[in-house]
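Okay, so here's the structure we're looking at.
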Amino acid sequence: MSETWIILGATSSMARPFMRKLAAAGHSLILAGRDMDDLNASCTDAMARGATFAEAAALDVRNADTFQPIIDRAVGLHSIVNVAVFVGSMPDQSDIDADPSLIDGVVIDSLTGPARFLQMIAPQMEEIGAGVVVGVGSVAGDRGRIANYVYGAAKGGFATYLSGLRNRLGRSGVHVMTVKPGPVDTAMTWGLGKMPFMTTADAVANDILKGVRKKRNTIYTAGIWRIVMTVIRCVPEPIFKKMSF
């Protein structure tokens, strides 16, 4: 049975190399996002690389009315449906401190919007009895830090959601994988300078595909972040709250 990948946030820097590798493997693609011109250009690119089918879909993760048409289109292709979630937003923490109303957008973009989409498509995936969900979170979700604690809270919540979804869908043959990237050299980190253990979007895509093949539950990319975050989680709170990173 053929496979169709829905990619939410397909115009993001991390999603592009992932999409291209799926296209080269001959999968069908539904590329969802807000910039239709960009998405249509990506569809043309995907077909040139070998995709069986590629179609752009309008997605506003803050508007759940845009979700069902994407789900209906994917299910209508009568193939195994996979979903990869790359959506999210990370305003500067100082901007959020100055305007707490920004919290709402961060939480919708990085947690409740993607979770609602996955909650809507889960019954169809259970009925098919196969498929993969890839949810891109962040190492920032492992422990709240002064630099980005709102973004970290949203990503931490998304990781918890994916853990529960994995427990549910695993019973019907659907695998859910959580991805925790460290700093990635993309537009989101532009201007922040070179960061420790920074990786590339292409490397993240390779790690995701490797994790999917091996049915990993959670992967860190780069892998060194699993060790780093284990150490950070072990730092006692009285010490951690005095740290400034």
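Please note that chains go A, B, ... in the order of the structure tokens, that every chain numbers its residues from 1, and that ligands are numbered from 1 in the order shown.
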### Task
Would you kindly return, as a PyMOL selection string, each protein, DNA or RNA residue with an atom no farther than 8 Å from any atom of stretch 44-55 of chain A, considering only C-alpha atoms and excluding same-chain residues fewer than 2 positions away?
chain A and resi 19-20+22-31+40-42+57
Just write the chosen residues, all heavy atoms, as a compact mmCIF listing (two decimals), in the first residue's frame.
# COMPACT_ATOMS: atom_id res chain seq x y z
N MET A 19 10.95 16.98 3.29
CA MET A 19 10.04 16.81 2.16
C MET A 19 10.79 16.31 0.92
O MET A 19 10.32 15.41 0.22
CB MET A 19 9.35 18.15 1.86
CG MET A 19 8.46 18.16 0.62
SD MET A 19 9.35 18.47 -0.94
CE MET A 19 9.88 20.17 -0.71
N ARG A 20 11.96 16.85 0.66
CA ARG A 20 12.71 16.47 -0.53
C ARG A 20 13.16 15.01 -0.47
O ARG A 20 13.15 14.30 -1.48
CB ARG A 20 13.91 17.40 -0.70
CG ARG A 20 13.51 18.82 -1.11
CD ARG A 20 14.64 19.80 -0.98
NE ARG A 20 14.21 21.15 -1.38
CZ ARG A 20 14.84 22.26 -1.04
NH1 ARG A 20 15.93 22.21 -0.29
NH2 ARG A 20 14.38 23.44 -1.44
N LEU A 22 11.58 12.61 1.17
CA LEU A 22 10.37 11.80 0.95
C LEU A 22 10.01 11.76 -0.53
O LEU A 22 9.61 10.71 -1.06
CB LEU A 22 9.20 12.38 1.75
CG LEU A 22 9.29 12.30 3.27
CD1 LEU A 22 8.10 13.01 3.90
CD2 LEU A 22 9.35 10.85 3.76
N ALA A 23 10.15 12.89 -1.19
CA ALA A 23 9.86 12.94 -2.63
C ALA A 23 10.78 12.02 -3.41
O ALA A 23 10.35 11.26 -4.29
CB ALA A 23 9.99 14.38 -3.13
N ALA A 24 12.06 12.06 -3.05
CA ALA A 24 13.04 11.21 -3.75
C ALA A 24 12.74 9.73 -3.54
O ALA A 24 13.11 8.90 -4.38
CB ALA A 24 14.44 11.55 -3.26
N ALA A 25 12.07 9.40 -2.43
CA ALA A 25 11.71 8.01 -2.15
C ALA A 25 10.39 7.62 -2.83
O ALA A 25 9.92 6.48 -2.67
CB ALA A 25 11.61 7.79 -0.65
N GLY A 26 9.77 8.57 -3.53
CA GLY A 26 8.57 8.26 -4.29
C GLY A 26 7.27 8.32 -3.54
O GLY A 26 6.25 7.79 -4.00
N HIS A 27 7.25 8.97 -2.38
CA HIS A 27 6.01 9.07 -1.62
C HIS A 27 5.08 10.14 -2.20
O HIS A 27 5.51 11.04 -2.92
CB HIS A 27 6.31 9.41 -0.15
CG HIS A 27 7.04 8.32 0.57
ND1 HIS A 27 6.49 7.08 0.82
CD2 HIS A 27 8.30 8.27 1.09
CE1 HIS A 27 7.35 6.33 1.47
NE2 HIS A 27 8.47 7.01 1.64
N SER A 28 3.81 10.07 -1.82
CA SER A 28 2.85 11.14 -2.11
C SER A 28 2.90 12.16 -0.99
O SER A 28 3.08 11.79 0.18
CB SER A 28 1.43 10.57 -2.24
OG SER A 28 1.34 9.68 -3.34
N LEU A 29 2.72 13.42 -1.34
CA LEU A 29 2.89 14.49 -0.37
C LEU A 29 1.72 15.47 -0.41
O LEU A 29 1.26 15.85 -1.48
CB LEU A 29 4.17 15.27 -0.66
CG LEU A 29 5.49 14.48 -0.67
CD1 LEU A 29 6.63 15.35 -1.19
CD2 LEU A 29 5.81 13.96 0.72
N ILE A 30 1.27 15.86 0.76
CA ILE A 30 0.37 17.00 0.90
C ILE A 30 1.11 18.02 1.75
O ILE A 30 1.39 17.78 2.93
CB ILE A 30 -0.97 16.59 1.55
CG1 ILE A 30 -1.72 15.63 0.63
CG2 ILE A 30 -1.82 17.82 1.85
CD1 ILE A 30 -3.05 15.14 1.19
N LEU A 31 1.46 19.11 1.11
CA LEU A 31 2.29 20.12 1.77
C LEU A 31 1.39 21.23 2.28
O LEU A 31 0.77 21.95 1.49
CB LEU A 31 3.33 20.67 0.78
CG LEU A 31 4.21 19.60 0.10
CD1 LEU A 31 5.21 20.26 -0.85
CD2 LEU A 31 4.92 18.74 1.14
N ASN A 40 3.20 25.73 -3.64
CA ASN A 40 3.07 25.25 -5.03
C ASN A 40 4.45 25.06 -5.67
O ASN A 40 4.67 24.10 -6.42
CB ASN A 40 2.23 26.23 -5.84
CG ASN A 40 0.74 26.09 -5.52
OD1 ASN A 40 0.22 24.99 -5.36
ND2 ASN A 40 0.04 27.22 -5.42
N ALA A 41 5.36 25.97 -5.37
CA ALA A 41 6.73 25.80 -5.89
C ALA A 41 7.38 24.55 -5.30
O ALA A 41 8.09 23.82 -6.01
CB ALA A 41 7.55 27.05 -5.54
N SER A 42 7.11 24.28 -4.04
CA SER A 42 7.66 23.07 -3.40
C SER A 42 7.06 21.81 -4.02
O SER A 42 7.74 20.78 -4.15
CB SER A 42 7.39 23.10 -1.89
OG SER A 42 8.15 24.11 -1.26
N ALA A 57 -1.73 22.56 0.31
CA ALA A 57 -2.97 22.70 1.09
C ALA A 57 -2.84 23.89 2.03
O ALA A 57 -1.82 24.04 2.70
CB ALA A 57 -3.24 21.41 1.88
Which residues of stretch 113-186 of chain A come within 10 Å of stretch 70-79 of chain A, and what is each one's closest atom pair and distance in Å (one decimal), counting only C-alpha atoms, sorted by chain and residue number, as CSV?
residue,atom,partner,partner_atom,distance
A:Phe117,CA,A:Ile71,CA,8.6
A:Leu118,CA,A:Ile71,CA,9.7
A:Met120,CA,A:Ile71,CA,8.2
A:Ile121,CA,A:Ile71,CA,6.4
A:Gln124,CA,A:Val75,CA,7.5
A:Met125,CA,A:Val75,CA,8.8
A:Ile128,CA,A:Ser79,CA,8.6
A:Ala130,CA,A:Ser79,CA,9.7
A:Gly131,CA,A:Ser79,CA,9.5
Put those residues in a file: all heavy atoms, as a PDB file, in the first residue's frame.
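Heads up, here's the output in again-v5.pdb:
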ATOM      1  N   PHE A 117      -5.171  19.023  15.393  1.00  0.00           N
ATOM      2  CA  PHE A 117      -5.124  18.376  14.070  1.00  0.00           C
ATOM      3  C   PHE A 117      -4.928  16.870  14.237  1.00  0.00           C
ATOM      4  O   PHE A 117      -5.638  16.062  13.616  1.00  0.00           O
ATOM      5  CB  PHE A 117      -3.984  18.961  13.231  1.00  0.00           C
ATOM      6  CG  PHE A 117      -3.935  18.410  11.828  1.00  0.00           C
ATOM      7  CD1 PHE A 117      -4.554  19.073  10.780  1.00  0.00           C
ATOM      8  CD2 PHE A 117      -3.286  17.204  11.558  1.00  0.00           C
ATOM      9  CE1 PHE A 117      -4.515  18.555   9.482  1.00  0.00           C
ATOM     10  CE2 PHE A 117      -3.248  16.675  10.275  1.00  0.00           C
ATOM     11  CZ  PHE A 117      -3.866  17.359   9.239  1.00  0.00           C
ATOM     12  N   LEU A 118      -3.965  16.485  15.060  1.00  0.00           N
ATOM     13  CA  LEU A 118      -3.687  15.057  15.253  1.00  0.00           C
ATOM     14  C   LEU A 118      -4.863  14.347  15.907  1.00  0.00           C
ATOM     15  O   LEU A 118      -5.163  13.191  15.577  1.00  0.00           O
ATOM     16  CB  LEU A 118      -2.424  14.890  16.097  1.00  0.00           C
ATOM     17  CG  LEU A 118      -1.126  15.372  15.436  1.00  0.00           C
ATOM     18  CD1 LEU A 118       0.038  15.301  16.407  1.00  0.00           C
ATOM     19  CD2 LEU A 118      -0.815  14.558  14.177  1.00  0.00           C
ATOM     20  N   MET A 120      -7.922  15.073  15.432  1.00  0.00           N
ATOM     21  CA  MET A 120      -8.948  14.920  14.398  1.00  0.00           C
ATOM     22  C   MET A 120      -8.631  13.791  13.426  1.00  0.00           C
ATOM     23  O   MET A 120      -9.528  13.112  12.938  1.00  0.00           O
ATOM     24  CB  MET A 120      -9.124  16.246  13.646  1.00  0.00           C
ATOM     25  CG  MET A 120      -9.771  17.348  14.477  1.00  0.00           C
ATOM     26  SD  MET A 120      -9.720  18.989  13.690  1.00  0.00           S
ATOM     27  CE  MET A 120     -10.722  18.725  12.232  1.00  0.00           C
ATOM     28  N   ILE A 121      -7.350  13.590  13.129  1.00  0.00           N
ATOM     29  CA  ILE A 121      -6.997  12.564  12.128  1.00  0.00           C
ATOM     30  C   ILE A 121      -6.760  11.196  12.765  1.00  0.00           C
ATOM     31  O   ILE A 121      -6.750  10.176  12.077  1.00  0.00           O
ATOM     32  CB  ILE A 121      -5.749  12.991  11.321  1.00  0.00           C
ATOM     33  CG1 ILE A 121      -5.670  12.198  10.008  1.00  0.00           C
ATOM     34  CG2 ILE A 121      -4.458  12.841  12.132  1.00  0.00           C
ATOM     35  CD1 ILE A 121      -4.597  12.687   9.058  1.00  0.00           C
ATOM     36  N   GLN A 124      -9.033   8.158  11.820  1.00  0.00           N
ATOM     37  CA  GLN A 124      -8.810   7.614  10.476  1.00  0.00           C
ATOM     38  C   GLN A 124      -7.550   6.757  10.434  1.00  0.00           C
ATOM     39  O   GLN A 124      -7.507   5.715   9.765  1.00  0.00           O
ATOM     40  CB  GLN A 124      -8.712   8.744   9.453  1.00  0.00           C
ATOM     41  CG  GLN A 124     -10.054   9.377   9.083  1.00  0.00           C
ATOM     42  CD  GLN A 124     -10.430  10.510  10.030  1.00  0.00           C
ATOM     43  OE1 GLN A 124      -9.864  10.651  11.107  1.00  0.00           O
ATOM     44  NE2 GLN A 124     -11.383  11.327   9.629  1.00  0.00           N
ATOM     45  N   MET A 125      -6.514   7.187  11.141  1.00  0.00           N
ATOM     46  CA  MET A 125      -5.278   6.400  11.162  1.00  0.00           C
ATOM     47  C   MET A 125      -5.502   5.083  11.898  1.00  0.00           C
ATOM     48  O   MET A 125      -4.977   4.045  11.497  1.00  0.00           O
ATOM     49  CB  MET A 125      -4.157   7.216  11.814  1.00  0.00           C
ATOM     50  CG  MET A 125      -3.810   8.487  11.043  1.00  0.00           C
ATOM     51  SD  MET A 125      -2.411   9.418  11.739  1.00  0.00           S
ATOM     52  CE  MET A 125      -1.021   8.412  11.180  1.00  0.00           C
ATOM     53  N   ILE A 128      -7.211   2.689   9.498  1.00  0.00           N
ATOM     54  CA  ILE A 128      -6.295   2.113   8.519  1.00  0.00           C
ATOM     55  C   ILE A 128      -5.391   1.072   9.191  1.00  0.00           C
ATOM     56  O   ILE A 128      -5.017   0.060   8.602  1.00  0.00           O
ATOM     57  CB  ILE A 128      -5.455   3.224   7.858  1.00  0.00           C
ATOM     58  CG1 ILE A 128      -6.359   4.159   7.035  1.00  0.00           C
ATOM     59  CG2 ILE A 128      -4.355   2.638   6.959  1.00  0.00           C
ATOM     60  CD1 ILE A 128      -5.668   5.408   6.531  1.00  0.00           C
ATOM     61  N   ALA A 130      -2.279   1.578  10.329  1.00  0.00           N
ATOM     62  CA  ALA A 130      -0.864   1.747   9.972  1.00  0.00           C
ATOM     63  C   ALA A 130      -0.606   3.240   9.863  1.00  0.00           C
ATOM     64  O   ALA A 130      -1.520   4.057   9.857  1.00  0.00           O
ATOM     65  CB  ALA A 130      -0.543   1.040   8.659  1.00  0.00           C
ATOM     66  N   GLY A 131       0.676   3.586   9.763  1.00  0.00           N
ATOM     67  CA  GLY A 131       1.016   4.998   9.599  1.00  0.00           C
ATOM     68  C   GLY A 131       1.968   5.474  10.683  1.00  0.00           C
ATOM     69  O   GLY A 131       2.246   4.777  11.660  1.00  0.00           O
TER      70      GLY A 131
END
### Task
Kindly indicate which residue among A:Leu111, A:Ala56, A:Val184, A:Cys234 lies nearest to A:Ser89, using only C-alpha atoms for the distances.
A:Leu111
### Message
Write out as a PyMOL selection string the set of residues from stretch 69-214 of chain A that DSSP, computed on the backbone, places in helix (DSSP H, G or I).
### Response
chain A and resi 69-76+93-98+102-128+139-141+149-172+187-189+201-213
### Query
Could you write out, as a list in words, all the residues of stretch 71-208 of chain A that DSSP marks as strand (DSSP E or B)?
Ile80, Val81, Asn82, Val83, Ala84, Val85, Val132, Val133, Val134, Gly135, Val136, His175, Val176, Met177, Thr178, Val179, Lys180, Pro181, Val184 and Thr199 of chain A
Write out, as a compact mmCIF listing (two decimals), in the first residue's frame, the residues just selected, with all heavy atoms.
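Once everything was written out, this is part.txt:
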# COMPACT_ATOMS: atom_id res chain seq x y z
N ILE A 80 -1.75 4.60 3.01
CA ILE A 80 -1.34 4.79 4.41
C ILE A 80 -1.06 6.26 4.62
O ILE A 80 -0.37 6.89 3.82
CB ILE A 80 -0.10 3.94 4.72
CG1 ILE A 80 -0.42 2.45 4.64
CG2 ILE A 80 0.46 4.30 6.11
CD1 ILE A 80 0.80 1.55 4.75
N VAL A 81 -1.61 6.83 5.68
CA VAL A 81 -1.45 8.27 5.93
C VAL A 81 -0.43 8.47 7.06
O VAL A 81 -0.57 7.91 8.15
CB VAL A 81 -2.79 8.92 6.33
CG1 VAL A 81 -2.59 10.40 6.65
CG2 VAL A 81 -3.81 8.75 5.20
N ASN A 82 0.57 9.26 6.76
CA ASN A 82 1.57 9.67 7.76
C ASN A 82 1.47 11.18 7.94
O ASN A 82 1.08 11.90 7.01
CB ASN A 82 2.98 9.32 7.30
CG ASN A 82 3.14 7.85 6.96
OD1 ASN A 82 2.62 6.99 7.68
ND2 ASN A 82 3.85 7.54 5.89
N VAL A 83 1.83 11.65 9.13
CA VAL A 83 1.78 13.09 9.41
C VAL A 83 3.10 13.52 10.03
O VAL A 83 3.59 12.87 10.96
CB VAL A 83 0.64 13.45 10.38
CG1 VAL A 83 0.55 14.97 10.56
CG2 VAL A 83 -0.70 12.90 9.89
N ALA A 84 3.65 14.60 9.54
CA ALA A 84 4.84 15.20 10.15
C ALA A 84 4.50 16.63 10.54
O ALA A 84 4.03 17.41 9.71
CB ALA A 84 6.02 15.17 9.19
N VAL A 85 4.74 16.97 11.80
CA VAL A 85 4.37 18.29 12.32
C VAL A 85 5.62 19.13 12.54
O VAL A 85 6.45 18.82 13.39
CB VAL A 85 3.61 18.16 13.66
CG1 VAL A 85 3.25 19.54 14.19
CG2 VAL A 85 2.37 17.30 13.49
N VAL A 132 2.46 6.68 10.46
CA VAL A 132 3.45 7.27 11.36
C VAL A 132 3.07 8.72 11.64
O VAL A 132 2.61 9.43 10.75
CB VAL A 132 4.86 7.24 10.71
CG1 VAL A 132 5.87 7.96 11.59
CG2 VAL A 132 5.30 5.81 10.44
N VAL A 133 3.26 9.13 12.88
CA VAL A 133 3.16 10.54 13.26
C VAL A 133 4.54 10.97 13.73
O VAL A 133 5.12 10.35 14.62
CB VAL A 133 2.13 10.77 14.38
CG1 VAL A 133 2.19 12.23 14.86
CG2 VAL A 133 0.73 10.43 13.91
N VAL A 134 5.06 12.01 13.11
CA VAL A 134 6.33 12.61 13.54
C VAL A 134 6.01 13.99 14.10
O VAL A 134 5.50 14.85 13.40
CB VAL A 134 7.32 12.74 12.37
CG1 VAL A 134 8.55 13.54 12.81
CG2 VAL A 134 7.73 11.36 11.85
N GLY A 135 6.29 14.18 15.38
CA GLY A 135 6.04 15.47 16.01
C GLY A 135 7.35 16.12 16.39
O GLY A 135 8.11 15.57 17.19
N VAL A 136 7.61 17.28 15.82
CA VAL A 136 8.87 17.98 16.09
C VAL A 136 8.69 18.90 17.28
O VAL A 136 7.92 19.87 17.22
CB VAL A 136 9.35 18.76 14.86
CG1 VAL A 136 10.63 19.53 15.19
CG2 VAL A 136 9.59 17.82 13.69
N HIS A 175 2.55 4.32 14.59
CA HIS A 175 3.70 4.69 15.42
C HIS A 175 3.82 6.21 15.54
O HIS A 175 3.69 6.93 14.53
CB HIS A 175 5.00 4.14 14.83
CG HIS A 175 6.20 4.43 15.68
ND1 HIS A 175 6.32 3.97 16.97
CD2 HIS A 175 7.32 5.17 15.44
CE1 HIS A 175 7.46 4.38 17.48
NE2 HIS A 175 8.09 5.12 16.57
N VAL A 176 4.07 6.68 16.74
CA VAL A 176 4.23 8.12 17.00
C VAL A 176 5.65 8.35 17.50
O VAL A 176 6.08 7.74 18.48
CB VAL A 176 3.22 8.61 18.05
CG1 VAL A 176 3.44 10.10 18.35
CG2 VAL A 176 1.79 8.36 17.57
N MET A 177 6.37 9.24 16.84
CA MET A 177 7.75 9.54 17.21
C MET A 177 7.90 11.01 17.57
O MET A 177 7.46 11.89 16.83
CB MET A 177 8.71 9.19 16.07
CG MET A 177 10.19 9.32 16.47
SD MET A 177 11.32 8.77 15.16
CE MET A 177 11.33 10.22 14.11
N THR A 178 8.52 11.26 18.70
CA THR A 178 8.81 12.63 19.14
C THR A 178 10.23 12.99 18.75
O THR A 178 11.15 12.23 19.00
CB THR A 178 8.66 12.74 20.67
OG1 THR A 178 7.36 12.27 21.05
CG2 THR A 178 8.85 14.18 21.13
N VAL A 179 10.38 14.15 18.15
CA VAL A 179 11.70 14.63 17.72
C VAL A 179 12.07 15.84 18.56
O VAL A 179 11.29 16.78 18.68
CB VAL A 179 11.69 15.02 16.23
CG1 VAL A 179 13.07 15.50 15.79
CG2 VAL A 179 11.23 13.85 15.38
N LYS A 180 13.27 15.80 19.15
CA LYS A 180 13.73 16.91 19.98
C LYS A 180 15.02 17.47 19.40
O LYS A 180 16.12 17.03 19.76
CB LYS A 180 13.93 16.45 21.43
CG LYS A 180 12.64 15.99 22.10
CD LYS A 180 12.86 15.69 23.58
CE LYS A 180 11.57 15.29 24.26
NZ LYS A 180 11.75 15.08 25.72
N PRO A 181 14.90 18.46 18.52
CA PRO A 181 16.11 19.08 18.00
C PRO A 181 16.69 20.06 19.01
O PRO A 181 15.97 20.71 19.77
CB PRO A 181 15.63 19.83 16.76
CG PRO A 181 14.21 19.40 16.54
CD PRO A 181 13.70 18.96 17.88
N VAL A 184 19.08 24.53 15.54
CA VAL A 184 19.24 24.16 14.13
C VAL A 184 19.50 25.44 13.34
O VAL A 184 18.85 26.47 13.60
CB VAL A 184 17.98 23.46 13.59
CG1 VAL A 184 18.18 23.03 12.14
CG2 VAL A 184 17.64 22.24 14.46
N THR A 199 23.08 22.05 14.71
CA THR A 199 23.07 21.13 13.59
C THR A 199 22.37 21.78 12.39
O THR A 199 22.01 22.95 12.44
CB THR A 199 22.38 19.80 13.99
OG1 THR A 199 22.56 18.86 12.95
CG2 THR A 199 20.89 20.01 14.24
### Contacts of stretch 236-240 of chain A at 10 Å (only C-alpha atoms; same-chain gap of 6+ positions) as a VMD selection string
chain A and resid 143 to 145
### Task
Kindly give the distance, in Å, that separates atom CA of A:Thr11 and atom CA of A:Gln68, rounded to a single decimal.
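Interatomic distance, atom CA of A:Thr11 to atom CA of A:Gln68: 19.8 Å.
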Counting only C-alpha atoms, what is within 9 Å of A:Gly157, bar same-chain residues fewer than 2 positions away, as a PDB file with C-alpha atoms, in the first residue's frame?
ATOM      1  CA  SER A 110       3.404  24.807  19.119  1.00  0.00           C
ATOM      2  CA  LEU A 111       0.883  22.772  21.120  1.00  0.00           C
ATOM      3  CA  THR A 112      -2.872  23.104  20.869  1.00  0.00           C
ATOM      4  CA  GLY A 141      10.711  21.403  26.407  1.00  0.00           C
ATOM      5  CA  GLY A 152       9.771  25.547  26.183  1.00  0.00           C
ATOM      6  CA  ALA A 153       6.497  25.122  28.051  1.00  0.00           C
ATOM      7  CA  ALA A 154       4.564  24.750  24.797  1.00  0.00           C
ATOM      8  CA  LYS A 155       7.044  22.235  23.375  1.00  0.00           C
ATOM      9  CA  ALA A 159       5.959  16.146  23.937  1.00  0.00           C
ATOM     10  CA  THR A 160       3.603  15.006  26.701  1.00  0.00           C
ATOM     11  CA  TYR A 161       0.694  15.017  24.243  1.00  0.00           C
ATOM     12  CA  LEU A 162       2.683  12.906  21.775  1.00  0.00           C
TER      13      LEU A 162
END
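In terms of minimum interatomic distance to A:Asp92, A:Ala147 ranks closest within A:Leu8, A:Val212, A:Ala147, A:Ala140, counting only C-alpha atoms.
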### Who sits within 10 Å of A:Phe197, only C-alpha atoms, same chain under 2 positions skipped, as a list in words
Gly182, Pro183, Val184, Lys194, Met195, Thr199, Thr221, Ala222, Gly223, Ile224, Trp225 and Val228 of chain A
### Distance of atom CA of A:Glu127 from atom CA of A:Arg166, expressed in Å to one decimal place
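Taking atom CA of A:Arg166 as the start and atom CA of A:Glu127 as the end point, the length is 15.4 Å.
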#### Entry: Atom pair atom CA of A:Leu169 / atom CA of A:Asp202: separation (Å)
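So the two atoms, atom CA of A:Leu169 and atom CA of A:Asp202, lie 28.3 Å apart.
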